[in-house]
Amino acid sequence: MSDPSSGRFVRANGIDIYFIEAGTGEPLILLQNGMISTNPAWAEWISSYSSHVETLARHFRVIVPDFRGSGRTVHPGGPISYELLADDMAGLSKALHLGPPLVCGHSEGGLVATVMGIREPGSVRALVNHGGYDLLNPDPRAPSLVMTRQMLGGAADAAEADPDGVASHQFLHVMAELMRADHDAAQGPGHWKNVLGWTFERVSQPSGYTVGDLKAVTAPTLILVGDRDPFCSVEEGASACRALPHGELAVLPNTAHDITPAALQVTIDFFRRSLG
């Protein structure tokens, strides 16, 4: 990722949002999930854009923000909803005078991108939802939500995050260590637990949006998924694509919930087509 020392803050939606940027050309807002920020500690994490920014910057002016509460963007308090994050990103776009930008997000970043398109259709030129459409399922017993509660809360019916469980998990302990290196360094000891809690509140329950809401998205939209993604099924992706006025579906073979070079190339090709 670009040198974080080149980042800066912009005032938008009542807070100071930290972001980095690289490249020139059409603006592209790149959205990670809330547990990941622009900190270069995430460079090797399989579901982070950190190691891919330079690839995208060969084609676009890439802008990567820290969601409120994450990294260097301070959250004044209270729940952090998808609506609030989407309004933050719309505010960021306006503050930077981007016009309608391209927006690409992975996992819950993909849903935030989509909510931008739902709430302010004219605010997005084209968008990519990469593995974030599972959060459009209104059923709290949906497999992806159960899996998320199990992973981040320690039980299928967990009502809150379990930082100690995450820190001792066979796989997730690596993520906990990265979150400490990221969020605690930026905002003080133990802040990673706040980030985990805010994220759990969003991703452990239905988002409040459904596939039916996609009809409001007027921008060209790519639904992108790996054929082995444990959270987002190909079948759900097809349903989301059909609900979009200008939707496309791309399925990556032999791919799970990861950001791969192939995913980046599909994204670049889609945006090129959308720009004409």
# chains A, B, ... in the order shown; residues from 1 in each chain; ligands from 1
>>> residues_around(residues="Ile223 in chain A", least_positions_apart="5", cutoff="10 Å", atoms="only C-alpha atoms", output="PDB file with N, CA and C atoms, in the first residue's frame")
ATOM      1  N   GLY A 110     -18.223  -3.970   0.731  1.00  0.00           N
ATOM      2  CA  GLY A 110     -19.075  -4.119  -0.442  1.00  0.00           C
ATOM      3  C   GLY A 110     -20.498  -3.703  -0.168  1.00  0.00           C
ATOM      4  N   LEU A 127     -20.182   0.633  -9.293  1.00  0.00           N
ATOM      5  CA  LEU A 127     -19.733   0.040  -8.037  1.00  0.00           C
ATOM      6  C   LEU A 127     -19.531  -1.461  -8.157  1.00  0.00           C
ATOM      7  N   VAL A 128     -18.671  -1.967  -7.278  1.00  0.00           N
ATOM      8  CA  VAL A 128     -18.393  -3.397  -7.181  1.00  0.00           C
ATOM      9  C   VAL A 128     -18.673  -3.849  -5.759  1.00  0.00           C
ATOM     10  N   ASN A 129     -19.537  -4.843  -5.635  1.00  0.00           N
ATOM     11  CA  ASN A 129     -19.791  -5.498  -4.356  1.00  0.00           C
ATOM     12  C   ASN A 129     -19.107  -6.854  -4.408  1.00  0.00           C
ATOM     13  N   HIS A 130     -17.937  -6.934  -3.773  1.00  0.00           N
ATOM     14  CA  HIS A 130     -17.157  -8.162  -3.768  1.00  0.00           C
ATOM     15  C   HIS A 130     -17.396  -8.890  -2.445  1.00  0.00           C
ATOM     16  N   GLY A 131     -18.227  -9.899  -2.485  1.00  0.00           N
ATOM     17  CA  GLY A 131     -18.455 -10.742  -1.306  1.00  0.00           C
ATOM     18  C   GLY A 131     -19.097 -10.019  -0.146  1.00  0.00           C
ATOM     19  N   GLY A 132     -20.006  -9.063  -0.432  1.00  0.00           N
ATOM     20  CA  GLY A 132     -20.690  -8.365   0.646  1.00  0.00           C
ATOM     21  C   GLY A 132     -22.194  -8.448   0.578  1.00  0.00           C
ATOM     22  N   TYR A 133     -22.727  -9.186  -0.367  1.00  0.00           N
ATOM     23  CA  TYR A 133     -24.175  -9.220  -0.549  1.00  0.00           C
ATOM     24  C   TYR A 133     -24.873 -10.216   0.369  1.00  0.00           C
ATOM     25  N   VAL A 234     -22.894 -18.418  -4.760  1.00  0.00           N
ATOM     26  CA  VAL A 234     -23.072 -18.030  -6.161  1.00  0.00           C
ATOM     27  C   VAL A 234     -24.556 -17.824  -6.453  1.00  0.00           C
ATOM     28  N   GLU A 236     -26.940 -16.805  -4.400  1.00  0.00           N
ATOM     29  CA  GLU A 236     -27.359 -15.508  -3.865  1.00  0.00           C
ATOM     30  C   GLU A 236     -26.826 -14.372  -4.737  1.00  0.00           C
ATOM     31  N   GLY A 237     -25.619 -14.564  -5.258  1.00  0.00           N
ATOM     32  CA  GLY A 237     -25.045 -13.557  -6.142  1.00  0.00           C
ATOM     33  C   GLY A 237     -25.860 -13.381  -7.405  1.00  0.00           C
ATOM     34  N   ALA A 238     -26.336 -14.503  -7.948  1.00  0.00           N
ATOM     35  CA  ALA A 238     -27.169 -14.441  -9.150  1.00  0.00           C
ATOM     36  C   ALA A 238     -28.479 -13.706  -8.865  1.00  0.00           C
ATOM     37  N   SER A 239     -29.061 -13.951  -7.700  1.00  0.00           N
ATOM     38  CA  SER A 239     -30.301 -13.263  -7.323  1.00  0.00           C
ATOM     39  C   SER A 239     -30.075 -11.763  -7.185  1.00  0.00           C
ATOM     40  N   ALA A 240     -28.943 -11.390  -6.570  1.00  0.00           N
ATOM     41  CA  ALA A 240     -28.626  -9.970  -6.418  1.00  0.00           C
ATOM     42  C   ALA A 240     -28.428  -9.319  -7.782  1.00  0.00           C
ATOM     43  N   CYS A 241     -27.737 -10.007  -8.660  1.00  0.00           N
ATOM     44  CA  CYS A 241     -27.487  -9.475  -9.996  1.00  0.00           C
ATOM     45  C   CYS A 241     -28.793  -9.237 -10.745  1.00  0.00           C
ATOM     46  N   LEU A 244     -30.692  -6.036  -9.817  1.00  0.00           N
ATOM     47  CA  LEU A 244     -30.080  -4.756 -10.164  1.00  0.00           C
ATOM     48  C   LEU A 244     -30.522  -4.287 -11.555  1.00  0.00           C
ATOM     49  N   GLY A 247     -26.935  -4.748 -13.636  1.00  0.00           N
ATOM     50  CA  GLY A 247     -26.062  -5.641 -12.885  1.00  0.00           C
ATOM     51  C   GLY A 247     -25.268  -6.594 -13.744  1.00  0.00           C
ATOM     52  N   GLU A 248     -24.101  -6.974 -13.240  1.00  0.00           N
ATOM     53  CA  GLU A 248     -23.286  -8.044 -13.824  1.00  0.00           C
ATOM     54  C   GLU A 248     -22.870  -8.981 -12.695  1.00  0.00           C
ATOM     55  N   LEU A 249     -22.603 -10.219 -13.039  1.00  0.00           N
ATOM     56  CA  LEU A 249     -22.141 -11.215 -12.070  1.00  0.00           C
ATOM     57  C   LEU A 249     -20.851 -11.826 -12.578  1.00  0.00           C
ATOM     58  N   ALA A 250     -19.847 -11.897 -11.697  1.00  0.00           N
ATOM     59  CA  ALA A 250     -18.594 -12.567 -12.030  1.00  0.00           C
ATOM     60  C   ALA A 250     -18.272 -13.545 -10.913  1.00  0.00           C
ATOM     61  N   VAL A 251     -17.978 -14.795 -11.305  1.00  0.00           N
ATOM     62  CA  VAL A 251     -17.655 -15.846 -10.343  1.00  0.00           C
ATOM     63  C   VAL A 251     -16.215 -16.285 -10.577  1.00  0.00           C
ATOM     64  N   THR A 267     -12.321  -6.576 -11.613  1.00  0.00           N
ATOM     65  CA  THR A 267     -12.781  -5.258 -11.168  1.00  0.00           C
ATOM     66  C   THR A 267     -12.331  -4.164 -12.130  1.00  0.00           C
TER      67      THR A 267
END
>>> select_by_dssp(residues="range 168-261 of chain A", states="strand (DSSP E)", output="ChimeraX atom specification")
/A:221-226,247-252
>>> select_by_dssp(residues="range 140-222 of chain A", states="alpha helix (DSSP H)", output="JSON, numbers by chain")
{"A": [143, 144, 145, 146, 147, 148, 149, 150, 151, 152, 153, 163, 164, 165, 166, 167, 168, 172, 173, 174, 175, 176, 177, 178, 179, 185, 186, 187, 191, 192, 193, 194, 195, 196, 197, 198, 199, 200, 201, 202, 203]}
>>> closest_residue(among="A:Leu196, A:Ala43, A:Ile17, A:Ile268", to="His75 in chain A", atoms="only C-alpha atoms")
A:Ile17
>>> closest_residue(among="A:Gly23, A:Ala159, A:Ser144, A:Arg202", to="Ser233 in chain A", atoms="only C-alpha atoms")
A:Ser144
>>> residues_around(residues="Arg228 in chain A", least_positions_apart="6", cutoff="12 Å", atoms="only C-alpha atoms", output="PDB file with C-alpha atoms, in the first residue's frame")
ATOM      1  CA  GLY A 131     -18.455 -10.742  -1.306  1.00  0.00           C
ATOM      2  CA  VAL A 234     -23.072 -18.030  -6.161  1.00  0.00           C
ATOM      3  CA  GLU A 235     -26.839 -18.564  -6.101  1.00  0.00           C
ATOM      4  CA  VAL A 251     -17.655 -15.846 -10.343  1.00  0.00           C
ATOM      5  CA  LEU A 252     -13.994 -16.561  -9.623  1.00  0.00           C
ATOM      6  CA  PRO A 253     -13.027 -20.251  -9.817  1.00  0.00           C
ATOM      7  CA  ASN A 254     -11.281 -21.976  -6.903  1.00  0.00           C
ATOM      8  CA  THR A 255     -11.593 -18.829  -4.785  1.00  0.00           C
ATOM      9  CA  ALA A 256     -12.913 -18.255  -1.274  1.00  0.00           C
ATOM     10  CA  HIS A 257     -13.529 -14.958   0.583  1.00  0.00           C
ATOM     11  CA  ASP A 258     -10.212 -13.555  -0.633  1.00  0.00           C
TER      12      ASP A 258
END
>>> closest_residue(among="A:Arg149, A:Ser6, A:His52, A:Ser123", to="Ala262 in chain A", atoms="only C-alpha atoms")
A:His52
>>> closest_residue(among="A:Met179, A:Val211, A:Ala216, A:Ile80", to="Pro121 in chain A", atoms="only C-alpha atoms")
A:Ala216
>>> atom_distance(atom1="CA of Asn194 in chain A", atom2="CA of Ser207 in chain A")
19.6 Å
>>> atom_distance(atom1="CA of Gly117 in chain A", atom2="CA of Ser70 in chain A")
22.7 Å
